[in-house]
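Taking it in order: structure first as structure tokens, then the write-up.
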Amino acid sequence: MASTLTPATLVWDEEGQPFCPEFGDYYFSKHGGLDESRYVFLEGNALLERWANQERFVIGEWGFGTGLNLLAVWELFSTCEAPPKELLFVSFEGSPLCKEDMAQAHALWPSLAPYAAWLQEAYPPLVQGAHELRFGSLHVRLIFDHARRALPLFPTNVDAWFLDGFAPSKNAEMWEESLFKHLATCSNQGATFATFTAASKVRKGLEAVGFKVRKISGFGKKREMSVGEWGC
Ligand SMILES: C[S@@+](CC[C@H](N)C(=O)[O-])C[C@H]1O[C@@H](n2cnc3c(N)ncnc32)[C@H](O)[C@@H]1O
């Protein structure tokens with residue numbers, strides 16, 4: 001029987017930013033979470049350029065957290081000139097936020113308010129397993145489970161990966177070799193990835209499963225981040 005999960009315990013710092021005491025890390029940059037999400041994940045995967053004239057596009061995310069990356073993608077999908085006809089966003093989360101904490105985080109980005117309101121309305125109960133949410137031609141599959149159990153439920157045609165676990169130094173479990181193997185198994189030809197980290201363990205792990213990895217300038221105070229393509 002599917003079990004009900006305990007919601008994440010968050011701490012809000014003096015600037016109103018969510019911090020996760022379990023991992024000792026922030027959910028997103030304190031210096032502009034939305035700008036970071038756009039730079040690292042949307043631009044890092046060249047979504048806008050790659051979407052033009054696509055029938056269907058699949059995004060796979062590691063670590064749903066507050067849903068900020070989904071909201072940023074949704075805004076781009078709704079406002080760009082040539083979005084794909086259908087967009088599937090698949091993400092997992094082992095310690096889901098309660099709806100109240102999610103809403104408090106969303107309030108940090110007033111420009112995303114319409115998307116945030118829809119997500120809050122559709123946010124599923126914190127029950128282990130896959131939850132399907134539909135917003136017109138955007139389909140979201142949100143898997144509440146540990147990465148190890150969630151990744152085998154991902155589709156095998158992911159076009160772009162958002163690797164957004166906490167920092168590898170604080171969450172080694174999220175960046176294990178066995179998890180990287182799922183990236184290769186679930187990647188479409190030409191799939192890309194982007195992640196905020198340039199840690200050598202992560203770059204080597206991705207190279208070992210067939211990704212061509214590049215370091216580029218990081219967001220804000222981060223010197224470097226990583227992007228790359230699979231099967232080139
Ligand atoms: C940096 S936060 C994600 C931020 C998120 N993308 C956002 O937009 O708010 C990393 C997330 O990964 C989740 N996580 C960390 N390790 C995990 C694991 N092994 N399995 C499942 N989820 C995990 C954490 O609970 C956290 O919500």
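The way I read the labels, and the way they are meant: chains A, B, ... in the order of the structure tokens, residue 1 as the first residue of every chain, and ligand 1 as the first ligand shown, with later ones counted on from there.
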Next on the checklist: 6 Å from ligand 1 is the threshold here; counting only C-alpha atoms and all ligand atoms, which polymer residues fall inside it? Answer as JSON, numbers by chain.
Outcome noted: {"A": [27, 28, 63, 64, 65, 66, 67, 68, 69, 93, 94, 95, 145, 146, 147, 164, 165, 166, 173, 174]}
Since we have the selection now, will you write its residues out, keeping N, CA and C atoms, as a compact mmCIF listing (two decimals), in the first residue's frame?
```txt
# COMPACT_ATOMS: atom_id res chain seq x y z
N TYR A 27 17.38 25.68 -1.15
CA TYR A 27 16.66 25.08 -2.28
C TYR A 27 17.10 25.69 -3.61
N PHE A 28 17.45 26.97 -3.58
CA PHE A 28 17.92 27.66 -4.79
C PHE A 28 18.77 28.83 -4.34
N GLY A 63 14.83 16.30 -8.32
CA GLY A 63 14.62 17.16 -7.16
C GLY A 63 13.61 18.27 -7.44
N PHE A 64 12.32 17.99 -7.14
CA PHE A 64 11.25 18.95 -7.46
C PHE A 64 11.26 20.13 -6.50
N GLY A 65 11.53 19.87 -5.22
CA GLY A 65 11.61 20.95 -4.22
C GLY A 65 10.37 21.82 -4.21
N THR A 66 10.58 23.11 -4.44
CA THR A 66 9.48 24.07 -4.40
C THR A 66 8.71 24.13 -5.72
N GLY A 67 9.24 23.47 -6.76
CA GLY A 67 8.59 23.54 -8.08
C GLY A 67 9.02 24.76 -8.88
N LEU A 68 10.02 25.48 -8.39
CA LEU A 68 10.44 26.70 -9.10
C LEU A 68 10.84 26.42 -10.55
N ASN A 69 11.59 25.35 -10.78
CA ASN A 69 12.02 25.08 -12.16
C ASN A 69 10.82 24.80 -13.06
N GLU A 93 10.67 13.66 -6.04
CA GLU A 93 10.95 14.36 -4.79
C GLU A 93 10.77 13.38 -3.63
N GLY A 94 11.84 13.19 -2.85
CA GLY A 94 11.79 12.26 -1.74
C GLY A 94 11.19 12.85 -0.47
N SER A 95 11.33 14.17 -0.31
CA SER A 95 10.77 14.85 0.87
C SER A 95 9.94 16.04 0.39
N ASP A 145 9.11 10.04 -4.24
CA ASP A 145 9.86 8.86 -3.79
C ASP A 145 11.34 9.18 -3.83
N HIS A 146 12.11 8.26 -3.27
CA HIS A 146 13.56 8.38 -3.33
C HIS A 146 14.01 8.21 -4.78
N ALA A 147 15.08 8.92 -5.14
CA ALA A 147 15.60 8.87 -6.50
C ALA A 147 15.75 7.44 -7.02
N ASP A 164 19.14 18.78 -10.26
CA ASP A 164 19.03 19.80 -9.23
C ASP A 164 18.89 19.20 -7.83
N GLY A 165 19.74 18.20 -7.52
CA GLY A 165 19.79 17.70 -6.14
C GLY A 165 20.55 18.74 -5.32
N PHE A 166 20.64 18.60 -4.04
CA PHE A 166 21.49 19.52 -3.28
C PHE A 166 22.95 19.28 -3.67
N GLU A 173 24.34 10.85 -1.95
CA GLU A 173 23.41 9.82 -2.44
C GLU A 173 22.74 10.18 -3.75
N MET A 174 22.58 11.48 -3.98
CA MET A 174 21.87 11.93 -5.18
C MET A 174 22.75 11.84 -6.43
```
Item to check | Residue set, region 70-209 of chain A restricted to strand (DSSP E), as a ChimeraX atom specification | outcome: /A:86-93,129-135,138-144,158-163,187-195
Checklist entry - Which polymer residues have any atom within 10 Å of an atom of Glu207 (chain A), counting only C-alpha atoms, with same-chain residues fewer than 5 positions away left out, as a list of chain:residue names? => result A:Phe180, A:Lys201, A:Val202, A:Lys212, A:Val213, A:Gly228, A:Glu229, A:Trp230
I need the chosen residues saved as a short mmCIF file (atom, residue, chain, number, x, y, z; two decimals), in the first residue's frame, with N, CA and C atoms.
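For reference, selection.cif as written:
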```cif
data_model
loop_
_atom_site.label_atom_id
_atom_site.label_comp_id
_atom_site.auth_asym_id
_atom_site.auth_seq_id
_atom_site.Cartn_x
_atom_site.Cartn_y
_atom_site.Cartn_z
N PHE A 180 23.27 7.75 -12.30
CA PHE A 180 23.67 8.28 -13.61
C PHE A 180 23.33 7.30 -14.73
N LYS A 201 33.30 14.78 -9.44
CA LYS A 201 32.59 13.50 -9.29
C LYS A 201 31.37 13.44 -10.23
N VAL A 202 30.68 14.55 -10.33
CA VAL A 202 29.48 14.60 -11.16
C VAL A 202 29.88 14.57 -12.64
N LYS A 212 28.78 13.96 -23.11
CA LYS A 212 29.91 14.84 -23.39
C LYS A 212 29.69 16.06 -22.49
N VAL A 213 30.63 16.32 -21.59
CA VAL A 213 30.40 17.32 -20.54
C VAL A 213 31.27 18.56 -20.75
N GLY A 228 25.88 19.52 -20.98
CA GLY A 228 26.41 18.53 -21.92
C GLY A 228 25.34 17.84 -22.73
N GLU A 229 25.78 16.96 -23.62
CA GLU A 229 24.88 16.23 -24.51
C GLU A 229 25.17 14.74 -24.39
N TRP A 230 24.15 13.96 -24.65
CA TRP A 230 24.31 12.51 -24.60
C TRP A 230 24.37 11.93 -26.01
#
```
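The space separating CA of Phe77 (chain A) from CA of Glu132 (chain A) comes to 18.5 Å.
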Item to check | Residues within 10 Å of Asn171 (chain A), only C-alpha atoms, excluding chain neighbours under 3 positions, as a list in words | outcome: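 In the requested form, the answer reads Glu22, Phe23, Gly24, Asp25, Gly165, Phe166, Ala167, Pro168, Met174, Trp175 and Glu176 of chain A.
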Checklist entry - What's the 12 Å shell around Val58 (chain A), counting only C-alpha atoms, without same-chain residues fewer than 3 positions away, as a count of residues only? => result 34
Checklist entry - Suppose you want the space between CA of Val11 (chain A) and CA of Trp109 (chain A); what is it in Å? => result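 Separation of CA of Val11 (chain A) and CA of Trp109 (chain A): 18.4 Å.
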Checklist entry - Which residue, A:Gln17, A:Ser78, A:Asn53, A:Ser29, has the smallest gap to His106 (chain A) when you use only C-alpha atoms? => result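 The shortest atom-to-atom distance to His106 (chain A) comes from A:Gln17.
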Next on the checklist: To test your reading of the structure, identify every residue in region 15-187 of chain A that backbone DSSP assigns to helix (DSSP H, G or I), and report it as an MDAnalysis selection string.
Outcome noted: chainID A and resid 33:43 47:51 68:79 99:106 110:122 147:153 172:175 177:186
